[in-house]
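The structure under discussion appears below in the form of C-alpha cells.
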Amino acid sequence: MSVLLVGVSHRTAPVPVLERVAVTEADRPKLTDKLLGSTHVSEVMIVSTCNRVEIYAVVDAFHGALAEVGELLAEHANVSLTELHKYAYVRYSEAAAEHLFAVASGLDSMVVGEQQILGQIRAAYASADAQQAAGRTLHELAQRALRVGKRVHTETGIDAAGASVVSVALDRASSVFSDGLTGRSAVVVGAGAMGGLSVAHLLRAGIAHITVVNRTAERAENLAETARTGGAQASTAPLSELATAMSSADILITCTGAVGAVVTLADTHVALAHADRPADRPLVICDLGLPRDVEPTVAGLPGVTVLDMEALQADPATETAASDAQAARTIVATELTNYLTGQRMAEVTPTVTALRQRAAEVVEGELLRLDSRLPGLDDPQRDEVARTVRRVVDKLLHAPTVRVKQLASAPGGDTYAAALRELFELTPGSIAAVAQSSELAADIELAQDELAHDIDLSNAFIAGSDPTVRRFSTDAVVIDAAYDAVVDAAPHEPLDTATTSAPSDTAHSRKDGQA
C-alpha cells in the first residue's frame, strides 16, 4: 500500500479555481466517506486551506486510485476532469511524503514559513481519525510531518522569511521617495497571509491610507478593519476597480497567488493617466507573487518602479531568509530519509519474524520426532538437546536476519525480503499474521495515549475496569512473544519500535470492516 497525493494549490491554479475546489469543514466528512467507499482507497486525509486542497490517500493501485480521487474532486468542484488536470498535481509514495513534510514546514506556503499550516494539518488528521479514515500509514505520515514542521520552526528562523521579503520591498520602495513612506497612500492586492503581513509593515512605515483590493469583499473588509485599528485610514475595492485604486497610490503591493497577471499594462496606463494624478508622481509596485502578478511590460512605463521577487531575493538583506529556507529544506531531507528508512524496516519485520517462527515450528516438530524415537531420554538430556538445536538454528538465522534488516533500509531493500520469502517458502498468510500482530502492538500504544488523560492505566490493567484496555493487555502477551523473536534474532540491533507507534489499519480504517 502506498500514499497517493492529488492536490490543487496557489502554485498551480488561479483563485477562481481554488475557490471552486475548496473543501469546507462540512464538505470534508462527505468527501472522505465517498473516497473510503471507492475500490482502491483504504485511508484518506484531506488538507484544505485558503490556498490549497490536498487529498492524501493510501491506495493499492496507482492508476485506479488516481482516477477515483480525480473524478471525485472534479465532481466536487463542478469542473470536468480534463479541466481539473490543468491545475492539479500528483505525488506518489516517497514524493507524497516529501511534499507533506515541505508543506508542514511552511516551505510551500504563499508566505514562506507561516505556522498556520501546522494547525491545518493537525485538524485534517483529527478529522480523518474521527471518521476512522486514518489508519497506520496516514497516522505515521501525519505525525511525522507535524514533528518535522515543529523542528523546522524551532531550529531555523524561517518564521521571519516571508516577513523579511515585505520588509526589504518596503525599504527599497522608501528609497524612491525623497521623504520616505510616511503619510503616503498604498494599495494592497490580496487579503491572504501576505496581504496581512504587508498591511502590518505599511502601518509601521507610517502609511496614511491603505486600500485593500480583493476578489472577496468580506476578507478585504476584515483586512481594512485591521488597518484602521492600526491607525491608518482604510477602504476596500473589487478587482474590477484596481485601476481607480492605483490612481491615487504611491505604492502597490500584490501577492495573490493567481496564475495569470493581475496588474496589467492597461490598468497601469489608466491609473497613471488619471486627471487627479500629477505626472511626476512615482508609483512603486512590489510584486511578491509567485508566479508574478504584474505584467513584465509595466516595468517599462515612465515613473513606475517594479520590484519583483527576483530583484528582492538578490538583495543582501534577504540572504538570511534564504539561508533559513535552505536550512529548513535540509531538515526536511534528513527527516524524509529517516522516515523512509523506518518504513522499509517496518515492511521487512513481518518477514523476519515469520522466518523465526517457521524455524521454531521446525525445531518443535523435530523434538517431537526425537521423543518418539528415543523415549528413554530423561528430562535433563532432552532439555540439553533442545537447547543445542535451538542454538544452532539461532546462529544460522542470525546473520541473514540481521543483514536483511540492514539492506531493507536502503532503496530497493524490499527485494531482499522477497528473496527471503522465496528461499524459505514463507507463505503470505504467515507473514500477514505477523504483520497483524505488529499492528496490534501499535494499537496498544495508541490506546494508552488516548486513555491516559481519563484513567489510571496501571490500575485499569490490574482491575480490568475498562474492556478496551483489558483486550489490549491480554493481546500484549502474544505481541511480546512475536517481538522477542525478532530481538533475539538480532541482539546487537534492537527493533526500532518508533515505526510501529500508530493506529492499525484494522482498528482505524473502515475499509477492512465496518462502514
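Identifiers in this document derive from the order of the C-alpha cells: chains are assigned A, B, ..., residues are numbered from 1 separately in each chain, and ligands are numbered from 1 in order of occurrence.
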Tell me, counting only C-alpha atoms, for each residue of segment 190-238 of chain A within 12 Å of segment 112-136 of chain A, which pair of atoms is nearest and how far apart they are in Å to one decimal, in rows ordered by chain and increasing number, as a tab-separated table.
residue	atom	partner	partner_atom	distance
A:Gly192	CA	A:Glu114	CA	11.6
A:Ala193	CA	A:Glu114	CA	8.2
A:Met194	CA	A:Val112	CA	9.3
A:Gly196	CA	A:Glu114	CA	11.8
A:Leu197	CA	A:Glu114	CA	10.7
If you run DSSP on this backbone, which residues of segment 195-356 of chain A come out as strand (DSSP E), and could you give them as a PDB file with all heavy atoms, in the first residue's frame?
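For reference, selection.pdb as written:
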ATOM      1  N   HIS A 209      -2.919  56.002   4.279  1.00  0.00           N
ATOM      2  CA  HIS A 209      -4.155  55.425   3.737  1.00  0.00           C
ATOM      3  C   HIS A 209      -3.850  54.129   2.995  1.00  0.00           C
ATOM      4  O   HIS A 209      -2.894  54.058   2.213  1.00  0.00           O
ATOM      5  CB  HIS A 209      -4.856  56.400   2.793  1.00  0.00           C
ATOM      6  CG  HIS A 209      -6.202  55.898   2.343  1.00  0.00           C
ATOM      7  ND1 HIS A 209      -6.369  55.012   1.293  1.00  0.00           N
ATOM      8  CD2 HIS A 209      -7.457  56.153   2.826  1.00  0.00           C
ATOM      9  CE1 HIS A 209      -7.655  54.748   1.144  1.00  0.00           C
ATOM     10  NE2 HIS A 209      -8.339  55.428   2.061  1.00  0.00           N
ATOM     11  N   ILE A 210      -4.657  53.098   3.251  1.00  0.00           N
ATOM     12  CA  ILE A 210      -4.476  51.785   2.621  1.00  0.00           C
ATOM     13  C   ILE A 210      -5.785  51.358   1.968  1.00  0.00           C
ATOM     14  O   ILE A 210      -6.851  51.401   2.605  1.00  0.00           O
ATOM     15  CB  ILE A 210      -4.048  50.719   3.653  1.00  0.00           C
ATOM     16  CG1 ILE A 210      -2.700  51.084   4.283  1.00  0.00           C
ATOM     17  CG2 ILE A 210      -3.978  49.326   2.996  1.00  0.00           C
ATOM     18  CD1 ILE A 210      -2.278  50.164   5.408  1.00  0.00           C
ATOM     19  N   THR A 211      -5.707  50.982   0.712  1.00  0.00           N
ATOM     20  CA  THR A 211      -6.864  50.414   0.013  1.00  0.00           C
ATOM     21  C   THR A 211      -6.605  48.922  -0.206  1.00  0.00           C
ATOM     22  O   THR A 211      -5.573  48.550  -0.784  1.00  0.00           O
ATOM     23  CB  THR A 211      -7.082  51.091  -1.349  1.00  0.00           C
ATOM     24  OG1 THR A 211      -7.279  52.491  -1.155  1.00  0.00           O
ATOM     25  CG2 THR A 211      -8.305  50.495  -2.043  1.00  0.00           C
ATOM     26  N   VAL A 212      -7.516  48.095   0.266  1.00  0.00           N
ATOM     27  CA  VAL A 212      -7.384  46.641   0.115  1.00  0.00           C
ATOM     28  C   VAL A 212      -8.250  46.205  -1.069  1.00  0.00           C
ATOM     29  O   VAL A 212      -9.468  46.426  -1.080  1.00  0.00           O
ATOM     30  CB  VAL A 212      -7.820  45.893   1.389  1.00  0.00           C
ATOM     31  CG1 VAL A 212      -7.653  44.382   1.187  1.00  0.00           C
ATOM     32  CG2 VAL A 212      -7.006  46.367   2.587  1.00  0.00           C
ATOM     33  N   VAL A 213      -7.614  45.606  -2.056  1.00  0.00           N
ATOM     34  CA  VAL A 213      -8.318  45.127  -3.253  1.00  0.00           C
ATOM     35  C   VAL A 213      -8.312  43.596  -3.224  1.00  0.00           C
ATOM     36  O   VAL A 213      -7.245  42.977  -3.128  1.00  0.00           O
ATOM     37  CB  VAL A 213      -7.632  45.632  -4.538  1.00  0.00           C
ATOM     38  CG1 VAL A 213      -8.342  45.087  -5.765  1.00  0.00           C
ATOM     39  CG2 VAL A 213      -7.612  47.158  -4.558  1.00  0.00           C
ATOM     40  N   GLN A 233      -6.129  55.283   7.737  1.00  0.00           N
ATOM     41  CA  GLN A 233      -7.405  55.278   7.027  1.00  0.00           C
ATOM     42  C   GLN A 233      -7.389  54.102   6.057  1.00  0.00           C
ATOM     43  O   GLN A 233      -6.360  53.775   5.480  1.00  0.00           O
ATOM     44  CB  GLN A 233      -7.595  56.586   6.269  1.00  0.00           C
ATOM     45  CG  GLN A 233      -7.672  57.818   7.155  1.00  0.00           C
ATOM     46  CD  GLN A 233      -7.850  59.095   6.354  1.00  0.00           C
ATOM     47  OE1 GLN A 233      -7.774  59.081   5.120  1.00  0.00           O
ATOM     48  NE2 GLN A 233      -8.076  60.204   7.040  1.00  0.00           N
ATOM     49  N   ALA A 234      -8.526  53.463   5.885  1.00  0.00           N
ATOM     50  CA  ALA A 234      -8.547  52.272   5.034  1.00  0.00           C
ATOM     51  C   ALA A 234      -9.877  52.148   4.323  1.00  0.00           C
ATOM     52  O   ALA A 234     -10.928  52.526   4.842  1.00  0.00           O
ATOM     53  CB  ALA A 234      -8.282  51.013   5.861  1.00  0.00           C
ATOM     54  N   SER A 235      -9.811  51.603   3.093  1.00  0.00           N
ATOM     55  CA  SER A 235     -11.014  51.369   2.307  1.00  0.00           C
ATOM     56  C   SER A 235     -10.810  50.076   1.520  1.00  0.00           C
ATOM     57  O   SER A 235      -9.722  49.492   1.521  1.00  0.00           O
ATOM     58  CB  SER A 235     -11.279  52.534   1.352  1.00  0.00           C
ATOM     59  OG  SER A 235     -10.156  52.740   0.485  1.00  0.00           O
ATOM     60  N   THR A 236     -11.838  49.645   0.834  1.00  0.00           N
ATOM     61  CA  THR A 236     -11.752  48.417   0.023  1.00  0.00           C
ATOM     62  C   THR A 236     -12.244  48.696  -1.386  1.00  0.00           C
ATOM     63  O   THR A 236     -12.952  49.678  -1.633  1.00  0.00           O
ATOM     64  CB  THR A 236     -12.602  47.283   0.641  1.00  0.00           C
ATOM     65  OG1 THR A 236     -13.981  47.649   0.604  1.00  0.00           O
ATOM     66  CG2 THR A 236     -12.175  46.992   2.074  1.00  0.00           C
ATOM     67  N   ALA A 237     -11.847  47.800  -2.293  1.00  0.00           N
ATOM     68  CA  ALA A 237     -12.295  47.914  -3.683  1.00  0.00           C
ATOM     69  C   ALA A 237     -12.237  46.531  -4.325  1.00  0.00           C
ATOM     70  O   ALA A 237     -11.381  45.719  -3.980  1.00  0.00           O
ATOM     71  CB  ALA A 237     -11.402  48.879  -4.461  1.00  0.00           C
ATOM     72  N   ILE A 251       2.335  53.499  -3.630  1.00  0.00           N
ATOM     73  CA  ILE A 251       2.933  52.172  -3.596  1.00  0.00           C
ATOM     74  C   ILE A 251       1.833  51.119  -3.702  1.00  0.00           C
ATOM     75  O   ILE A 251       0.738  51.301  -3.153  1.00  0.00           O
ATOM     76  CB  ILE A 251       3.766  51.972  -2.298  1.00  0.00           C
ATOM     77  CG1 ILE A 251       4.418  50.583  -2.284  1.00  0.00           C
ATOM     78  CG2 ILE A 251       2.926  52.187  -1.060  1.00  0.00           C
ATOM     79  CD1 ILE A 251       5.418  50.406  -1.158  1.00  0.00           C
ATOM     80  N   LEU A 252       2.118  50.084  -4.443  1.00  0.00           N
ATOM     81  CA  LEU A 252       1.176  48.968  -4.592  1.00  0.00           C
ATOM     82  C   LEU A 252       1.912  47.681  -4.253  1.00  0.00           C
ATOM     83  O   LEU A 252       3.009  47.431  -4.751  1.00  0.00           O
ATOM     84  CB  LEU A 252       0.624  48.905  -6.017  1.00  0.00           C
ATOM     85  CG  LEU A 252      -0.388  47.787  -6.317  1.00  0.00           C
ATOM     86  CD1 LEU A 252      -1.429  48.265  -7.325  1.00  0.00           C
ATOM     87  CD2 LEU A 252       0.303  46.535  -6.861  1.00  0.00           C
ATOM     88  N   ILE A 253       1.316  46.855  -3.386  1.00  0.00           N
ATOM     89  CA  ILE A 253       1.874  45.549  -3.030  1.00  0.00           C
ATOM     90  C   ILE A 253       0.881  44.488  -3.459  1.00  0.00           C
ATOM     91  O   ILE A 253      -0.298  44.547  -3.094  1.00  0.00           O
ATOM     92  CB  ILE A 253       2.148  45.437  -1.516  1.00  0.00           C
ATOM     93  CG1 ILE A 253       3.122  46.517  -1.063  1.00  0.00           C
ATOM     94  CG2 ILE A 253       2.699  44.054  -1.180  1.00  0.00           C
ATOM     95  CD1 ILE A 253       3.411  46.499   0.419  1.00  0.00           C
ATOM     96  N   THR A 254       1.357  43.515  -4.216  1.00  0.00           N
ATOM     97  CA  THR A 254       0.449  42.465  -4.688  1.00  0.00           C
ATOM     98  C   THR A 254       1.064  41.090  -4.459  1.00  0.00           C
ATOM     99  O   THR A 254       2.238  40.863  -4.709  1.00  0.00           O
ATOM    100  CB  THR A 254       0.109  42.650  -6.182  1.00  0.00           C
ATOM    101  OG1 THR A 254      -0.706  41.559  -6.618  1.00  0.00           O
ATOM    102  CG2 THR A 254       1.354  42.718  -7.035  1.00  0.00           C
ATOM    103  N   LEU A 283       5.268  55.766  -8.894  1.00  0.00           N
ATOM    104  CA  LEU A 283       4.466  54.621  -8.455  1.00  0.00           C
ATOM    105  C   LEU A 283       5.409  53.426  -8.314  1.00  0.00           C
ATOM    106  O   LEU A 283       6.066  53.023  -9.270  1.00  0.00           O
ATOM    107  CB  LEU A 283       3.366  54.288  -9.473  1.00  0.00           C
ATOM    108  CG  LEU A 283       2.566  53.003  -9.194  1.00  0.00           C
ATOM    109  CD1 LEU A 283       1.802  53.124  -7.876  1.00  0.00           C
ATOM    110  CD2 LEU A 283       1.607  52.702 -10.339  1.00  0.00           C
ATOM    111  N   VAL A 284       5.476  52.891  -7.107  1.00  0.00           N
ATOM    112  CA  VAL A 284       6.315  51.722  -6.836  1.00  0.00           C
ATOM    113  C   VAL A 284       5.402  50.507  -6.681  1.00  0.00           C
ATOM    114  O   VAL A 284       4.472  50.521  -5.874  1.00  0.00           O
ATOM    115  CB  VAL A 284       7.164  51.914  -5.567  1.00  0.00           C
ATOM    116  CG1 VAL A 284       8.015  50.664  -5.320  1.00  0.00           C
ATOM    117  CG2 VAL A 284       8.050  53.145  -5.689  1.00  0.00           C
ATOM    118  N   ILE A 285       5.674  49.487  -7.476  1.00  0.00           N
ATOM    119  CA  ILE A 285       4.873  48.253  -7.423  1.00  0.00           C
ATOM    120  C   ILE A 285       5.757  47.123  -6.894  1.00  0.00           C
ATOM    121  O   ILE A 285       6.791  46.802  -7.498  1.00  0.00           O
ATOM    122  CB  ILE A 285       4.322  47.875  -8.815  1.00  0.00           C
ATOM    123  CG1 ILE A 285       3.436  49.010  -9.349  1.00  0.00           C
ATOM    124  CG2 ILE A 285       3.549  46.570  -8.751  1.00  0.00           C
ATOM    125  CD1 ILE A 285       2.916  48.763 -10.759  1.00  0.00           C
ATOM    126  N   CYS A 286       5.353  46.542  -5.772  1.00  0.00           N
ATOM    127  CA  CYS A 286       6.066  45.405  -5.176  1.00  0.00           C
ATOM    128  C   CYS A 286       5.308  44.129  -5.534  1.00  0.00           C
ATOM    129  O   CYS A 286       4.223  43.862  -4.986  1.00  0.00           O
ATOM    130  CB  CYS A 286       6.160  45.559  -3.665  1.00  0.00           C
ATOM    131  SG  CYS A 286       6.976  47.079  -3.121  1.00  0.00           S
ATOM    132  N   ASP A 287       5.864  43.383  -6.459  1.00  0.00           N
ATOM    133  CA  ASP A 287       5.224  42.150  -6.926  1.00  0.00           C
ATOM    134  C   ASP A 287       5.802  40.972  -6.136  1.00  0.00           C
ATOM    135  O   ASP A 287       6.880  40.470  -6.438  1.00  0.00           O
ATOM    136  CB  ASP A 287       5.478  41.971  -8.427  1.00  0.00           C
ATOM    137  CG  ASP A 287       4.759  40.756  -8.994  1.00  0.00           C
ATOM    138  OD1 ASP A 287       4.070  40.063  -8.220  1.00  0.00           O
ATOM    139  OD2 ASP A 287       4.882  40.502 -10.205  1.00  0.00           O
ATOM    140  N   VAL A 304       7.372  54.436 -13.171  1.00  0.00           N
ATOM    141  CA  VAL A 304       6.959  53.207 -12.478  1.00  0.00           C
ATOM    142  C   VAL A 304       8.192  52.370 -12.135  1.00  0.00           C
ATOM    143  O   VAL A 304       9.047  52.116 -12.987  1.00  0.00           O
ATOM    144  CB  VAL A 304       5.991  52.370 -13.344  1.00  0.00           C
ATOM    145  CG1 VAL A 304       5.666  51.045 -12.645  1.00  0.00           C
ATOM    146  CG2 VAL A 304       4.727  53.158 -13.625  1.00  0.00           C
ATOM    147  N   THR A 305       8.288  51.952 -10.882  1.00  0.00           N
ATOM    148  CA  THR A 305       9.347  51.057 -10.422  1.00  0.00           C
ATOM    149  C   THR A 305       8.710  49.747  -9.976  1.00  0.00           C
ATOM    150  O   THR A 305       7.826  49.751  -9.118  1.00  0.00           O
ATOM    151  CB  THR A 305      10.125  51.669  -9.238  1.00  0.00           C
ATOM    152  OG1 THR A 305      10.693  52.919  -9.638  1.00  0.00           O
ATOM    153  CG2 THR A 305      11.224  50.718  -8.776  1.00  0.00           C
ATOM    154  N   VAL A 306       9.132  48.656 -10.596  1.00  0.00           N
ATOM    155  CA  VAL A 306       8.596  47.336 -10.243  1.00  0.00           C
ATOM    156  C   VAL A 306       9.670  46.545  -9.508  1.00  0.00           C
ATOM    157  O   VAL A 306      10.780  46.342 -10.026  1.00  0.00           O
ATOM    158  CB  VAL A 306       8.130  46.557 -11.495  1.00  0.00           C
ATOM    159  CG1 VAL A 306       7.668  45.157 -11.099  1.00  0.00           C
ATOM    160  CG2 VAL A 306       7.009  47.311 -12.190  1.00  0.00           C
ATOM    161  N   LEU A 307       9.349  46.109  -8.295  1.00  0.00           N
ATOM    162  CA  LEU A 307      10.241  45.273  -7.500  1.00  0.00           C
ATOM    163  C   LEU A 307       9.610  43.887  -7.409  1.00  0.00           C
ATOM    164  O   LEU A 307       8.610  43.693  -6.721  1.00  0.00           O
ATOM    165  CB  LEU A 307      10.417  45.864  -6.094  1.00  0.00           C
ATOM    166  CG  LEU A 307      10.927  47.309  -6.027  1.00  0.00           C
ATOM    167  CD1 LEU A 307      10.881  47.820  -4.593  1.00  0.00           C
ATOM    168  CD2 LEU A 307      12.345  47.392  -6.580  1.00  0.00           C
ATOM    169  N   ASP A 308      10.184  42.929  -8.129  1.00  0.00           N
ATOM    170  CA  ASP A 308       9.624  41.580  -8.087  1.00  0.00           C
ATOM    171  C   ASP A 308      10.484  40.688  -7.195  1.00  0.00           C
ATOM    172  O   ASP A 308      11.498  41.123  -6.633  1.00  0.00           O
ATOM    173  CB  ASP A 308       9.496  40.986  -9.487  1.00  0.00           C
ATOM    174  CG  ASP A 308      10.833  40.913 -10.219  1.00  0.00           C
ATOM    175  OD1 ASP A 308      11.891  41.058  -9.563  1.00  0.00           O
ATOM    176  OD2 ASP A 308      10.822  40.718 -11.448  1.00  0.00           O
TER     177      ASP A 308
END
Residue neighbourhood Asp324 of chain A, 6 Å, only C-alpha atoms, exclusion window fewer than 3 positions, as a PDB file with all heavy atoms, in the first residue's frame:
ATOM      1  N   THR A 156      15.152  26.804  12.958  1.00  0.00           N
ATOM      2  CA  THR A 156      15.518  27.798  11.940  1.00  0.00           C
ATOM      3  C   THR A 156      14.725  29.086  12.179  1.00  0.00           C
ATOM      4  O   THR A 156      13.799  29.124  12.971  1.00  0.00           O
ATOM      5  CB  THR A 156      15.218  27.291  10.510  1.00  0.00           C
ATOM      6  OG1 THR A 156      13.795  27.317  10.282  1.00  0.00           O
ATOM      7  CG2 THR A 156      15.729  25.869  10.312  1.00  0.00           C
ATOM      8  N   GLY A 157      15.098  30.119  11.447  1.00  0.00           N
ATOM      9  CA  GLY A 157      14.368  31.382  11.528  1.00  0.00           C
ATOM     10  C   GLY A 157      13.407  31.560  10.377  1.00  0.00           C
ATOM     11  O   GLY A 157      13.134  32.692   9.961  1.00  0.00           O
ATOM     12  N   ILE A 158      12.888  30.441   9.864  1.00  0.00           N
ATOM     13  CA  ILE A 158      12.041  30.513   8.674  1.00  0.00           C
ATOM     14  C   ILE A 158      10.750  31.283   8.932  1.00  0.00           C
ATOM     15  O   ILE A 158      10.134  31.805   8.007  1.00  0.00           O
ATOM     16  CB  ILE A 158      11.718  29.092   8.153  1.00  0.00           C
ATOM     17  CG1 ILE A 158      11.167  29.179   6.719  1.00  0.00           C
ATOM     18  CG2 ILE A 158      10.758  28.374   9.087  1.00  0.00           C
ATOM     19  CD1 ILE A 158      10.988  27.840   6.060  1.00  0.00           C
ATOM     20  N   ALA A 321      17.166  35.140   5.224  1.00  0.00           N
ATOM     21  CA  ALA A 321      15.923  34.415   4.993  1.00  0.00           C
ATOM     22  C   ALA A 321      16.149  33.233   4.061  1.00  0.00           C
ATOM     23  O   ALA A 321      15.625  32.141   4.275  1.00  0.00           O
ATOM     24  CB  ALA A 321      14.873  35.354   4.410  1.00  0.00           C
ATOM     25  N   ALA A 327      18.108  25.857   5.286  1.00  0.00           N
ATOM     26  CA  ALA A 327      18.245  25.021   6.484  1.00  0.00           C
ATOM     27  C   ALA A 327      16.987  24.184   6.705  1.00  0.00           C
ATOM     28  O   ALA A 327      17.059  23.014   7.096  1.00  0.00           O
ATOM     29  CB  ALA A 327      18.512  25.899   7.705  1.00  0.00           C
TER      30      ALA A 327
END
What parts of segment 150-305 of chain A does DSSP call alpha helix (DSSP H)? I'd like the answer as a PyMOL selection string. chain A and resi 150-155+161-174+193-205+217-229+242-247+265-272
Please, could you write that set of residues out with C-alpha atoms as an mmCIF file, in the first residue's frame?
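Now in result.cif:
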data_model
loop_
_atom_site.group_PDB
_atom_site.id
_atom_site.type_symbol
_atom_site.label_atom_id
_atom_site.label_comp_id
_atom_site.auth_asym_id
_atom_site.auth_seq_id
_atom_site.Cartn_x
_atom_site.Cartn_y
_atom_site.Cartn_z
ATOM 1 C CA LYS A 150 7.819 21.830 14.624
ATOM 2 C CA ARG A 151 11.501 21.070 14.251
ATOM 3 C CA VAL A 152 11.873 23.471 11.308
ATOM 4 C CA HIS A 153 10.175 26.308 13.181
ATOM 5 C CA THR A 154 12.242 25.601 16.312
ATOM 6 C CA GLU A 155 15.662 25.192 14.725
ATOM 7 C CA ALA A 161 11.343 34.620 5.957
ATOM 8 C CA GLY A 162 8.072 35.850 4.495
ATOM 9 C CA ALA A 163 8.086 38.970 6.626
ATOM 10 C CA SER A 164 11.648 39.771 5.557
ATOM 11 C CA VAL A 165 10.604 39.874 1.896
ATOM 12 C CA VAL A 166 7.943 42.501 2.669
ATOM 13 C CA SER A 167 10.390 44.447 4.806
ATOM 14 C CA VAL A 168 13.045 44.513 2.071
ATOM 15 C CA ALA A 169 10.444 45.520 -0.526
ATOM 16 C CA LEU A 170 9.296 48.491 1.566
ATOM 17 C CA ASP A 171 12.870 49.562 2.288
ATOM 18 C CA ARG A 172 13.590 49.595 -1.451
ATOM 19 C CA ALA A 173 10.300 51.414 -2.120
ATOM 20 C CA SER A 174 11.085 54.030 0.527
ATOM 21 C CA ALA A 193 -1.424 35.912 4.705
ATOM 22 C CA MET A 194 0.985 38.024 2.642
ATOM 23 C CA GLY A 195 -1.604 40.784 2.432
ATOM 24 C CA GLY A 196 -1.836 40.790 6.221
ATOM 25 C CA LEU A 197 1.935 41.000 6.545
ATOM 26 C CA SER A 198 2.025 43.842 4.041
ATOM 27 C CA VAL A 199 -0.565 45.862 5.953
ATOM 28 C CA ALA A 200 1.357 45.365 9.197
ATOM 29 C CA HIS A 201 4.601 46.611 7.628
ATOM 30 C CA LEU A 202 2.874 49.522 5.909
ATOM 31 C CA LEU A 203 1.460 50.644 9.245
ATOM 32 C CA ARG A 204 4.938 50.540 10.790
ATOM 33 C CA ALA A 205 6.248 52.590 7.850
ATOM 34 C CA ALA A 217 -15.325 41.659 -0.234
ATOM 35 C CA GLU A 218 -15.610 40.191 3.258
ATOM 36 C CA ARG A 219 -11.939 39.312 3.512
ATOM 37 C CA ALA A 220 -10.965 42.703 2.110
ATOM 38 C CA GLU A 221 -13.080 44.464 4.736
ATOM 39 C CA ASN A 222 -11.565 42.376 7.537
ATOM 40 C CA LEU A 223 -8.058 43.399 6.495
ATOM 41 C CA ALA A 224 -9.113 47.020 6.084
ATOM 42 C CA GLU A 225 -10.501 46.975 9.617
ATOM 43 C CA THR A 226 -7.124 45.731 10.825
ATOM 44 C CA ALA A 227 -5.509 48.714 9.102
ATOM 45 C CA ARG A 228 -7.969 51.097 10.776
ATOM 46 C CA THR A 229 -7.206 49.554 14.149
ATOM 47 C CA LEU A 242 -7.995 48.224 -9.408
ATOM 48 C CA ALA A 243 -7.023 50.967 -11.904
ATOM 49 C CA THR A 244 -9.034 53.557 -9.958
ATOM 50 C CA ALA A 245 -7.454 52.488 -6.682
ATOM 51 C CA MET A 246 -3.967 52.708 -8.219
ATOM 52 C CA SER A 247 -4.564 56.225 -9.495
ATOM 53 C CA LEU A 265 -0.291 47.289 -18.585
ATOM 54 C CA ALA A 266 -3.722 48.672 -19.456
ATOM 55 C CA ASP A 267 -4.726 49.162 -15.798
ATOM 56 C CA THR A 268 -1.444 50.900 -15.044
ATOM 57 C CA HIS A 269 -1.825 53.217 -18.046
ATOM 58 C CA VAL A 270 -5.324 54.185 -16.870
ATOM 59 C CA ALA A 271 -4.076 54.827 -13.336
ATOM 60 C CA LEU A 272 -1.144 56.997 -14.422
#
Looking at A:Ala258, A:Val79, A:Val389, A:Gln343, which one is nearest to Ser93 of chain A, with distances taken over only C-alpha atoms? A:Gln343
Contacts of segment 3-18 of chain A at 8 Å or less, counting only C-alpha atoms, minus same-chain residues fewer than 3 places along, as JSON, numbers by chain? {"A": [21, 22, 50, 51, 52, 53, 54, 55, 56, 57, 58, 59, 62, 65, 66, 69, 70, 87, 88, 89, 90, 91, 92, 93, 96, 97, 110, 256, 257, 258, 259, 260, 290, 291]}
Which is closest to Ala328 of chain A among A:Ser105, A:Gln143, A:Ser240, A:Gln406, if we use only C-alpha atoms? A:Ser105
In Å, rounded to a single decimal, give me how far atom CA of Leu355 of chain A is from atom CA of Arg382 of chain A. 24.5 Å
Have a look at A:Thr137, A:Ala145, A:Leu36, A:Ser42 and name the one nearest to Ile331 of chain A; count only C-alpha atoms. A:Ala145
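Proximity to Ile207 of chain A at 8 Å, evaluated using only C-alpha atoms and with sequence-adjacent residues fewer than 5 positions away removed, yields Leu181, Thr182, Gly183, Arg184, Ser185, Ala186, Leu202 and Ala232 of chain A.
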